[in-house]
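S.K.: Data file input.tsv (TSV, C-alpha atoms) is appended below.
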```
chain	number	residue	atom	x	y	z
O	1	MET	CA	128.10	56.62	-56.76
O	2	GLU	CA	130.74	55.12	-59.04
O	3	GLN	CA	128.86	53.14	-61.70
O	4	ILE	CA	130.81	50.19	-63.10
O	5	ARG	CA	129.71	48.08	-66.04
O	6	PHE	CA	131.22	44.63	-66.27
O	7	LYS	CA	130.42	41.01	-66.99
O	8	GLN	CA	130.88	38.58	-64.09
O	9	PRO	CA	133.29	35.81	-65.13
O	10	ASP	CA	134.05	32.47	-63.54
O	11	ILE	CA	135.78	33.16	-60.21
O	12	GLY	CA	138.00	30.13	-60.76
O	13	ALA	CA	139.70	32.00	-63.60
O	14	GLN	CA	140.59	34.81	-61.19
O	15	VAL	CA	142.33	32.66	-58.57
O	16	LEU	CA	146.01	33.63	-58.21
O	17	PHE	CA	146.95	31.54	-55.18
O	18	GLU	CA	145.22	29.01	-52.96
O	19	ASP	CA	146.19	26.66	-50.15
O	20	ASN	CA	144.42	25.35	-47.04
O	21	HIS	CA	144.58	28.75	-45.34
O	22	LEU	CA	144.38	31.50	-47.96
O	23	ILE	CA	142.95	32.28	-51.38
O	24	ALA	CA	143.98	35.26	-53.51
O	25	ILE	CA	141.80	36.65	-56.29
O	26	ASN	CA	142.64	39.00	-59.16
O	27	LYS	CA	139.72	41.36	-58.63
O	28	LEU	CA	138.18	42.90	-61.72
O	29	PRO	CA	137.19	46.55	-61.79
O	30	GLY	CA	133.52	46.67	-60.86
O	31	GLN	CA	133.58	43.85	-58.33
O	32	ILE	CA	132.97	44.87	-54.72
O	33	THR	CA	135.05	43.28	-51.98
O	34	GLN	CA	132.29	43.46	-49.37
O	35	GLY	CA	128.56	44.19	-49.50
O	36	ASP	CA	127.39	47.78	-49.87
O	37	LYS	CA	124.14	49.67	-50.38
O	38	THR	CA	124.01	48.72	-54.08
O	39	GLY	CA	123.02	45.19	-53.13
O	40	ASP	CA	125.47	43.72	-55.64
O	41	VAL	CA	126.98	40.36	-54.74
O	42	PRO	CA	130.35	40.96	-53.04
O	43	LEU	CA	133.52	39.17	-54.09
O	44	GLY	CA	133.69	37.43	-50.69
O	45	ASP	CA	130.36	35.70	-51.36
O	46	LEU	CA	131.45	34.71	-54.87
O	47	VAL	CA	134.60	33.15	-53.42
O	48	LYS	CA	132.50	31.29	-50.83
O	49	ASN	CA	130.32	29.85	-53.58
O	50	TYR	CA	133.40	28.90	-55.58
O	51	LEU	CA	134.94	27.05	-52.60
O	52	LYS	CA	131.65	25.37	-51.76
O	53	GLU	CA	131.27	24.01	-55.29
O	54	LYS	CA	134.94	23.13	-55.79
O	55	TYR	CA	135.18	21.08	-52.61
O	56	GLN	CA	131.50	19.99	-52.57
O	57	LYS	CA	131.03	21.22	-49.02
O	58	PRO	CA	127.50	20.61	-47.69
O	59	GLY	CA	127.58	23.22	-44.94
O	60	ASN	CA	128.76	26.81	-44.56
O	61	VAL	CA	132.13	27.81	-46.00
O	62	PHE	CA	134.42	30.20	-44.14
O	63	CYS	CA	135.81	33.06	-46.20
O	64	GLY	CA	137.19	36.00	-44.21
O	65	THR	CA	137.82	39.34	-45.89
O	66	ILE	CA	141.31	40.52	-44.95
O	67	HIS	CA	141.50	43.81	-46.86
O	68	ARG	CA	139.63	45.74	-49.53
O	69	LEU	CA	140.07	47.49	-52.85
O	70	ASP	CA	137.89	50.32	-54.12
O	71	ARG	CA	135.21	49.16	-56.54
O	72	PRO	CA	136.76	50.66	-59.72
O	73	VAL	CA	140.24	49.30	-58.84
O	74	SER	CA	141.58	45.91	-59.98
O	75	GLY	CA	144.18	43.54	-58.58
O	76	VAL	CA	145.17	41.22	-55.75
O	77	VAL	CA	142.64	40.68	-52.96
O	78	LEU	CA	143.42	38.16	-50.24
O	79	PHE	CA	140.82	36.11	-48.34
O	80	ALA	CA	141.27	33.76	-45.38
O	81	LYS	CA	139.88	30.23	-45.45
O	82	THR	CA	140.26	29.74	-41.68
O	83	GLY	CA	139.70	31.88	-38.61
O	84	LYS	CA	143.33	31.47	-37.57
O	85	ALA	CA	144.59	32.73	-40.93
O	86	LEU	CA	142.19	35.69	-40.80
O	87	GLU	CA	143.34	36.73	-37.33
O	88	ARG	CA	147.02	36.46	-38.16
O	89	MET	CA	146.73	38.25	-41.51
O	90	ASN	CA	144.68	41.04	-39.92
O	91	GLU	CA	147.53	41.49	-37.47
O	92	GLN	CA	150.09	41.72	-40.29
O	93	PHE	CA	148.01	44.38	-42.04
O	94	ARG	CA	147.53	46.35	-38.80
O	95	GLU	CA	151.26	46.29	-38.12
O	96	ARG	CA	152.06	47.36	-41.71
O	97	LYS	CA	154.04	44.17	-42.36
O	98	VAL	CA	152.34	43.54	-45.71
O	99	GLN	CA	153.98	45.20	-48.71
O	100	LYS	CA	151.50	46.43	-51.31
O	101	THR	CA	152.63	47.49	-54.79
O	102	TYR	CA	150.25	49.20	-57.21
O	103	TRP	CA	150.45	50.23	-60.82
O	104	ALA	CA	148.77	53.51	-61.80
O	105	ILE	CA	148.35	55.01	-65.26
O	106	VAL	CA	148.46	58.82	-65.28
O	107	LYS	CA	148.29	61.29	-68.15
O	108	ASN	CA	150.49	64.03	-66.71
O	109	LYS	CA	154.17	63.24	-66.19
O	110	PRO	CA	155.36	63.72	-62.60
O	111	GLN	CA	158.07	66.34	-62.15
O	112	LYS	CA	160.38	63.72	-60.62
O	113	VAL	CA	161.05	60.21	-61.94
O	114	GLU	CA	160.64	58.91	-58.38
O	115	ASP	CA	159.76	60.51	-55.09
O	116	ILE	CA	158.08	60.11	-51.70
O	117	LEU	CA	154.84	62.04	-51.22
O	118	VAL	CA	153.63	63.15	-47.80
O	119	HIS	CA	150.18	64.69	-47.36
O	120	TYR	CA	147.60	65.20	-44.64
O	121	LEU	CA	144.20	63.74	-45.52
O	122	GLN	CA	140.72	64.74	-44.45
O	123	LYS	CA	137.88	62.36	-45.29
O	124	ASN	CA	134.44	63.67	-46.20
O	125	GLU	CA	132.02	60.85	-45.37
O	126	THR	CA	129.10	62.48	-47.19
O	127	LYS	CA	131.00	62.74	-50.47
O	128	ASN	CA	133.00	59.53	-49.88
O	129	LYS	CA	136.06	61.52	-50.84
O	130	SER	CA	139.36	62.51	-49.23
O	131	PHE	CA	141.12	65.86	-49.50
O	132	ALA	CA	144.88	66.32	-49.25
O	133	SER	CA	146.95	69.19	-47.93
O	134	LEU	CA	150.70	69.63	-47.55
O	135	GLN	CA	150.39	71.10	-44.06
O	136	PRO	CA	149.08	69.36	-40.92
O	137	LYS	CA	145.50	70.11	-39.86
O	138	PRO	CA	143.77	69.26	-36.58
O	139	ASP	CA	141.41	66.69	-38.12
O	140	ALA	CA	143.76	65.36	-40.82
O	141	THR	CA	145.82	62.17	-40.83
O	142	ARG	CA	149.33	61.91	-42.23
O	143	CYS	CA	149.82	59.68	-45.27
O	144	GLU	CA	152.86	58.70	-47.26
O	145	LEU	CA	153.65	56.83	-50.45
O	146	SER	CA	156.58	56.28	-52.78
O	147	TYR	CA	156.33	56.18	-56.57
O	148	LYS	CA	158.51	55.84	-59.63
O	149	ILE	CA	157.87	56.01	-63.36
O	150	ILE	CA	158.42	52.54	-64.84
O	151	ALA	CA	157.01	52.92	-68.39
O	152	ALA	CA	155.54	55.47	-70.77
O	153	SER	CA	153.47	55.73	-73.94
O	154	ASP	CA	152.90	58.72	-76.20
O	155	HIS	CA	150.22	60.11	-73.90
O	156	TYR	CA	150.42	58.25	-70.56
O	157	HIS	CA	152.87	57.24	-67.86
O	158	LEU	CA	152.87	54.08	-65.74
O	159	LEU	CA	153.80	54.56	-62.10
O	160	GLU	CA	154.76	51.90	-59.58
O	161	VAL	CA	153.35	53.00	-56.23
O	162	ASN	CA	154.01	51.71	-52.72
O	163	PRO	CA	151.69	53.14	-50.06
O	164	LEU	CA	153.54	53.44	-46.76
O	165	THR	CA	150.33	54.15	-44.84
O	166	GLY	CA	146.77	52.97	-45.40
O	167	ARG	CA	144.29	55.83	-45.76
O	168	HIS	CA	140.97	56.28	-47.53
O	169	HIS	CA	141.55	56.66	-51.29
O	170	GLN	CA	145.17	57.45	-50.45
O	171	ILE	CA	146.84	56.70	-53.79
O	172	ARG	CA	144.06	58.35	-55.75
O	173	VAL	CA	144.10	61.59	-53.78
O	174	GLN	CA	147.88	61.84	-53.37
O	175	LEU	CA	148.61	61.38	-57.08
O	176	SER	CA	145.88	63.89	-57.86
O	177	ALA	CA	147.38	66.37	-55.39
O	178	MET	CA	150.71	65.95	-57.21
O	179	GLY	CA	148.96	66.99	-60.44
O	180	CYS	CA	148.76	63.44	-61.82
O	181	PRO	CA	145.20	62.11	-61.43
O	182	ILE	CA	144.74	58.46	-62.33
O	183	LYS	CA	143.28	57.79	-65.79
O	184	GLY	CA	139.50	57.48	-65.55
O	185	ASP	CA	139.26	58.76	-61.97
O	186	LEU	CA	136.72	61.57	-62.36
O	187	LYS	CA	136.36	61.88	-58.58
O	188	TYR	CA	139.98	62.97	-58.29
O	189	GLY	CA	140.46	65.12	-61.35
O	190	ALA	CA	140.69	62.94	-64.47
O	191	ASP	CA	139.33	64.70	-67.54
O	192	ARG	CA	137.30	61.73	-68.79
O	193	SER	CA	136.04	58.37	-67.57
O	194	ASN	CA	137.17	54.95	-68.78
O	195	ALA	CA	134.65	53.21	-71.02
O	196	ASP	CA	133.82	50.55	-68.41
O	197	GLY	CA	133.72	52.93	-65.45
O	198	SER	CA	136.99	51.61	-64.02
O	199	ILE	CA	140.00	53.67	-62.99
O	200	SER	CA	143.50	52.71	-64.14
O	201	LEU	CA	144.78	51.68	-60.71
O	202	HIS	CA	145.83	48.07	-60.20
O	203	ALA	CA	147.01	46.23	-57.09
O	204	HIS	CA	149.87	44.44	-58.80
O	205	ARG	CA	151.72	42.72	-55.96
O	206	LEU	CA	151.16	41.61	-52.37
O	207	THR	CA	154.09	40.39	-50.27
O	208	PHE	CA	153.67	38.96	-46.76
O	209	VAL	CA	154.59	36.10	-44.42
O	210	HIS	CA	152.30	33.07	-44.58
O	211	PRO	CA	150.15	33.10	-41.42
O	212	VAL	CA	150.69	29.39	-40.67
O	213	LYS	CA	153.79	28.24	-42.55
O	214	SER	CA	155.79	31.43	-41.76
O	215	GLU	CA	157.14	31.43	-45.31
O	216	PRO	CA	157.50	34.56	-47.47
O	217	ILE	CA	154.70	34.78	-50.05
O	218	GLU	CA	154.60	37.03	-53.11
O	219	ILE	CA	151.44	37.19	-55.22
O	220	ASN	CA	151.41	39.05	-58.54
O	221	ALA	CA	148.40	39.92	-60.67
O	222	LEU	CA	148.29	41.02	-64.30
O	223	PRO	CA	146.17	44.13	-64.96
O	224	PRO	CA	142.91	43.97	-66.93
O	225	ASP	CA	143.02	42.76	-70.53
O	226	GLU	CA	142.73	46.20	-72.08
O	227	PRO	CA	144.83	47.81	-74.87
O	228	LEU	CA	146.72	50.40	-72.79
O	229	TRP	CA	147.38	48.01	-69.92
O	230	ASN	CA	148.53	45.39	-72.43
O	231	PHE	CA	150.88	47.91	-74.03
O	232	PHE	CA	152.55	48.65	-70.71
O	233	VAL	CA	152.80	44.96	-69.75
O	234	GLN	CA	154.49	44.26	-73.09
O	235	GLN	CA	156.84	47.23	-72.66
O	236	LEU	CA	157.88	46.02	-69.21
O	237	SER	CA	158.43	42.46	-70.44
O	238	ASN	CA	160.68	43.78	-73.20
O	239	THR	CA	162.93	45.54	-70.68
O	240	LYS	CA	163.56	42.43	-68.59
```
Can the structure in the file be given as structure tokens, please?

M.R.:
Amino acid sequence: MEQIRFKQPDIGAQVLFEDNHLIAINKLPGQITQGDKTGDVPLGDLVKNYLKEKYQKPGNVFCGTIHRLDRPVSGVVLFAKTGKALERMNEQFRERKVQKTYWAIVKNKPQKVEDILVHYLQKNETKNKSFASLQPKPDATRCELSYKIIAASDHYHLLEVNPLTGRHHQIRVQLSAMGCPIKGDLKYGADRSNADGSISLHAHRLTFVHPVKSEPIEINALPPDEPLWNFFVQQLSNTK
């Protein structure tokens, strides 16, 4: 079990985008998207409470979970405020029409500045862990992602990652298989944990077509307010 220690802030401060159909939250590491066996309050319920209080709704509030992030991961999570929006966004995710961009901090420098990784993943339900191989196996599913190095410090490298498939722990296991485990990710080969139990993987951008207005939407989220993340954000801003 991945133990995360964090203080629950005001959800209103985490809102990145909201209209009548959707609400996007900058998830903190430690928050769970949906309920699990820990019994901790899921982000979906916190968003429901936020909407109920903000709009002073007397009855039940609809808040549909469209997709998830692993508990120790931060970044953009999108929720639907109507059944129609939920159905249409679920369809976009199923058809791989949503572009997801992540930032990952790794200690080891990849051999190539940018590349496409293809692996075959086997999920172990008991261990809640996936295993990657370069060759197809009967019970393995193909996964693919692209990455490029976009910044570096004295000891770490920041990768921009675009998963081209959606598999269990895909980014975590594929970067680890490349020899570049994500900072803090003990499950996939990091040498030490982060102080707060997070891993340095952040869902930075979500791009999709609005489910009702049919307009292109791009939602960006800053990573956690932490010295190394702040260093990389500053470095990227200086290069613009």

S.K.: Could you pull out every residue with an atom within 7 Å of (149.2, 53.3, -66.4), file coordinates, counting all atoms listed in the file, and send them as a PyMOL selection string?

M.R.: chain O and resi 103-106+156-159+200+229

S.K.: Find the distance between atom CA of Ser237 of chain O and atom CA of Arg71 of chain O and write it in Å to one decimal.

M.R.: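 Separation between atom CA of Ser237 of chain O and atom CA of Arg71 of chain O: 27.9 Å.
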
S.K.: Might I get the box with edges along x, y and z of the file that holds all atoms of segment 215-229 of chain O listed there, padded by 8 Å on every side, given as centre and edge lengths in Å to one decimal, as lines of an AutoDock Vina configuration file?

M.R.:
```
center_x = 150.1
center_y = 40.9
center_z = -60.1
size_x = 30.8
size_y = 35.0
size_z = 45.6
```

S.K.: Using all atoms listed in the file, which residues sit within 9 Å of Glu218 of chain O once same-chain residues fewer than 3 positions away are excluded, as a list in words?

M.R.: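 Final neighbour list, sorted by chain and number: Arg205, Leu206, Thr207, Phe208 and Val209 of chain O.
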
S.K.: Could you give me, as JSON, numbers by chain, the residues within 12 Å of Glu18 of chain O, counting all atoms listed in the file and dropping anything in the same chain fewer than 4 positions from it?

M.R.: {"O": [12, 14, 22, 23, 24, 25, 47, 51, 77, 78, 79, 80, 81, 210, 217, 219]}

S.K.: Rounded to one decimal, what separation in Å do you get between atom CA of Asp40 of chain O and atom CA of His168 of chain O?

M.R.: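 Calculated distance between atom CA of Asp40 of chain O and atom CA of His168 of chain O is 21.5 Å.
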
S.K.: With a cut-off of 12 Å, could you pull out the residues of segment 29-145 of chain O touching segment 183-188 of chain O and give me the nearest pair of atoms for each, distance in Å to one decimal, using only C-alpha atoms, ordered by chain and ascending number, as a tab-separated table?

M.R.:
```
residue	atom	partner	partner_atom	distance
O:Pro29	CA	O:Gly184	CA	11.8
O:Asp70	CA	O:Asp185	CA	11.6
O:Arg71	CA	O:Asp185	CA	11.7
O:Pro72	CA	O:Asp185	CA	8.8
O:Val73	CA	O:Asp185	CA	10.0
O:Trp103	CA	O:Lys183	CA	11.5
O:Ala104	CA	O:Lys183	CA	8.0
O:Ile105	CA	O:Lys183	CA	5.8
O:Val106	CA	O:Lys183	CA	5.3
O:Lys107	CA	O:Lys183	CA	6.6
O:Asn108	CA	O:Lys183	CA	9.6
O:Lys127	CA	O:Lys187	CA	9.8
O:Asn128	CA	O:Lys187	CA	9.6
O:Lys129	CA	O:Lys187	CA	7.8
O:Ser130	CA	O:Tyr188	CA	9.1
O:Phe131	CA	O:Tyr188	CA	9.3
O:Ala132	CA	O:Tyr188	CA	10.8
```

S.K.: Kindly indicate which residue among O:His21, O:Lys97, O:Arg142, O:Lys137 lies nearest to Val118 of chain O, using only C-alpha atoms for the distances.

M.R.: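 For Val118 of chain O, the nearest of the given residues is O:Arg142.
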
S.K.: What does the distance from atom CA of Met89 of chain O to atom CA of Asp45 of chain O come to in Å, to one decimal?

M.R.: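 For atom CA of Met89 of chain O relative to atom CA of Asp45 of chain O, the distance reads 19.3 Å.
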
S.K.: For Val212 of chain O, which residue among O:Ile149, O:Leu86, O:Leu134, O:Leu228 is the nearest when counting all atoms listed in the file?

M.R.: O:Leu86

S.K.: Give the answer as one residue: which of O:Gly166, O:Gly64, O:Pro227, O:Pro181 has the shortest atom-to-atom distance to Lys48 of chain O, using all atoms listed in the file?

M.R.: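 The shortest atom-to-atom distance to Lys48 of chain O comes from O:Gly64.
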
S.K.: Which is closer to Arg94 of chain O than all the others in O:Ile66, O:Leu236, O:Val61, O:Met178, using only C-alpha atoms?

M.R.: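 Using only C-alpha atoms, Arg94 of chain O sits closest to O:Ile66.
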
S.K.: Can you pull out every residue within 7 Å of Arg88 of chain O, counting all atoms listed in the file, but drop anything in the same chain fewer than 4 positions away, and send it as a PyMOL selection string?

M.R.: chain O and resi 84+92+211

S.K.: Identify which of the residues O:Gln122, O:Ser133, O:Thr38, O:Ser74 lies closest to Ile199 of chain O, counting all atoms listed in the file when measuring atom-to-atom distances.

M.R.: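 Comparing O:Gln122, O:Ser133, O:Thr38, O:Ser74 against Ile199 of chain O, the winner is O:Ser74.
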
S.K.: Taking into account only C-alpha atoms, which residue in the set O:Gln34, O:Ser214, O:Val76, O:Glu91 is nearest to Cys63 of chain O?

M.R.: O:Gln34

S.K.: Since the input lacks some atoms of segment 179-209 of chain O, please model N, CA and C atoms and print them as a JSON list (two decimals), in the coordinates of the input.

M.R.:
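Just written: part.json:
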```json
[["chain", "number", "residue", "atom", "x", "y", "z"],
["O", 179, "GLY", "N", 149.26, 66.53, -59.09],
["O", 179, "GLY", "CA", 148.96, 66.99, -60.44],
["O", 179, "GLY", "C", 148.88, 65.87, -61.45],
["O", 180, "CYS", "N", 148.79, 64.61, -60.95],
["O", 180, "CYS", "CA", 148.76, 63.44, -61.82],
["O", 180, "CYS", "C", 147.59, 62.53, -61.48],
["O", 181, "PRO", "N", 146.35, 62.98, -61.73],
["O", 181, "PRO", "CA", 145.20, 62.11, -61.43],
["O", 181, "PRO", "C", 145.25, 60.83, -62.25],
["O", 182, "ILE", "N", 144.73, 59.76, -61.67],
["O", 182, "ILE", "CA", 144.74, 58.46, -62.33],
["O", 182, "ILE", "C", 143.75, 58.48, -63.50],
["O", 183, "LYS", "N", 144.14, 57.86, -64.59],
["O", 183, "LYS", "CA", 143.28, 57.79, -65.79],
["O", 183, "LYS", "C", 141.91, 57.21, -65.41],
["O", 184, "GLY", "N", 140.86, 57.93, -65.79],
["O", 184, "GLY", "CA", 139.50, 57.48, -65.55],
["O", 184, "GLY", "C", 138.91, 57.88, -64.21],
["O", 185, "ASP", "N", 139.72, 58.46, -63.33],
["O", 185, "ASP", "CA", 139.26, 58.76, -61.97],
["O", 185, "ASP", "C", 138.66, 60.17, -61.90],
["O", 186, "LEU", "N", 137.40, 60.27, -62.34],
["O", 186, "LEU", "CA", 136.72, 61.57, -62.36],
["O", 186, "LEU", "C", 136.64, 62.20, -60.98],
["O", 187, "LYS", "N", 136.49, 61.37, -59.95],
["O", 187, "LYS", "CA", 136.36, 61.88, -58.58],
["O", 187, "LYS", "C", 137.58, 62.68, -58.16],
["O", 188, "TYR", "N", 138.73, 62.31, -58.70],
["O", 188, "TYR", "CA", 139.98, 62.97, -58.29],
["O", 188, "TYR", "C", 140.69, 63.66, -59.46],
["O", 189, "GLY", "N", 139.91, 64.18, -60.41],
["O", 189, "GLY", "CA", 140.46, 65.12, -61.35],
["O", 189, "GLY", "C", 140.77, 64.64, -62.75],
["O", 190, "ALA", "N", 140.48, 63.38, -63.09],
["O", 190, "ALA", "CA", 140.69, 62.94, -64.47],
["O", 190, "ALA", "C", 139.73, 63.67, -65.40],
["O", 191, "ASP", "N", 140.16, 63.91, -66.63],
["O", 191, "ASP", "CA", 139.33, 64.70, -67.54],
["O", 191, "ASP", "C", 138.23, 63.89, -68.22],
["O", 192, "ARG", "N", 138.36, 62.56, -68.19],
["O", 192, "ARG", "CA", 137.30, 61.73, -68.79],
["O", 192, "ARG", "C", 137.30, 60.37, -68.10],
["O", 193, "SER", "N", 136.16, 59.68, -68.20],
["O", 193, "SER", "CA", 136.04, 58.37, -67.57],
["O", 193, "SER", "C", 136.56, 57.29, -68.51],
["O", 194, "ASN", "N", 136.89, 56.13, -67.96],
["O", 194, "ASN", "CA", 137.17, 54.95, -68.78],
["O", 194, "ASN", "C", 135.84, 54.38, -69.27],
["O", 195, "ALA", "N", 135.88, 53.69, -70.39],
["O", 195, "ALA", "CA", 134.65, 53.21, -71.02],
["O", 195, "ALA", "C", 133.84, 52.30, -70.11],
["O", 196, "ASP", "N", 134.53, 51.50, -69.27],
["O", 196, "ASP", "CA", 133.82, 50.55, -68.41],
["O", 196, "ASP", "C", 133.58, 51.09, -67.01],
["O", 197, "GLY", "N", 133.93, 52.35, -66.77],
["O", 197, "GLY", "CA", 133.72, 52.93, -65.45],
["O", 197, "GLY", "C", 134.83, 52.63, -64.46],
["O", 198, "SER", "N", 135.87, 51.93, -64.90],
["O", 198, "SER", "CA", 136.99, 51.61, -64.02],
["O", 198, "SER", "C", 137.90, 52.83, -63.88],
["O", 199, "ILE", "N", 138.88, 52.73, -62.99],
["O", 199, "ILE", "CA", 140.00, 53.67, -62.99],
["O", 199, "ILE", "C", 141.26, 52.84, -63.20],
["O", 200, "SER", "N", 142.29, 53.45, -63.75],
["O", 200, "SER", "CA", 143.50, 52.71, -64.14],
["O", 200, "SER", "C", 144.47, 52.60, -62.97],
["O", 201, "LEU", "N", 143.97, 51.97, -61.90],
["O", 201, "LEU", "CA", 144.78, 51.68, -60.71],
["O", 201, "LEU", "C", 144.66, 50.19, -60.44],
["O", 202, "HIS", "N", 145.81, 49.53, -60.30],
["O", 202, "HIS", "CA", 145.83, 48.07, -60.20],
["O", 202, "HIS", "C", 146.75, 47.62, -59.07],
["O", 203, "ALA", "N", 146.21, 46.80, -58.17],
["O", 203, "ALA", "CA", 147.01, 46.23, -57.09],
["O", 203, "ALA", "C", 147.83, 45.09, -57.67],
["O", 204, "HIS", "N", 149.06, 45.38, -58.02],
["O", 204, "HIS", "CA", 149.87, 44.44, -58.80],
["O", 204, "HIS", "C", 150.52, 43.35, -57.95],
["O", 205, "ARG", "N", 150.96, 43.70, -56.74],
["O", 205, "ARG", "CA", 151.72, 42.72, -55.96],
["O", 205, "ARG", "C", 151.39, 42.84, -54.47],
["O", 206, "LEU", "N", 151.35, 41.68, -53.81],
["O", 206, "LEU", "CA", 151.16, 41.61, -52.37],
["O", 206, "LEU", "C", 152.24, 40.68, -51.82],
["O", 207, "THR", "N", 153.01, 41.18, -50.86],
["O", 207, "THR", "CA", 154.09, 40.39, -50.27],
["O", 207, "THR", "C", 153.89, 40.33, -48.75],
["O", 208, "PHE", "N", 153.94, 39.12, -48.19],
["O", 208, "PHE", "CA", 153.67, 38.96, -46.76],
["O", 208, "PHE", "C", 154.25, 37.63, -46.29],
["O", 209, "VAL", "N", 154.15, 37.37, -44.99],
["O", 209, "VAL", "CA", 154.59, 36.10, -44.42],
["O", 209, "VAL", "C", 153.36, 35.22, -44.23]]
```
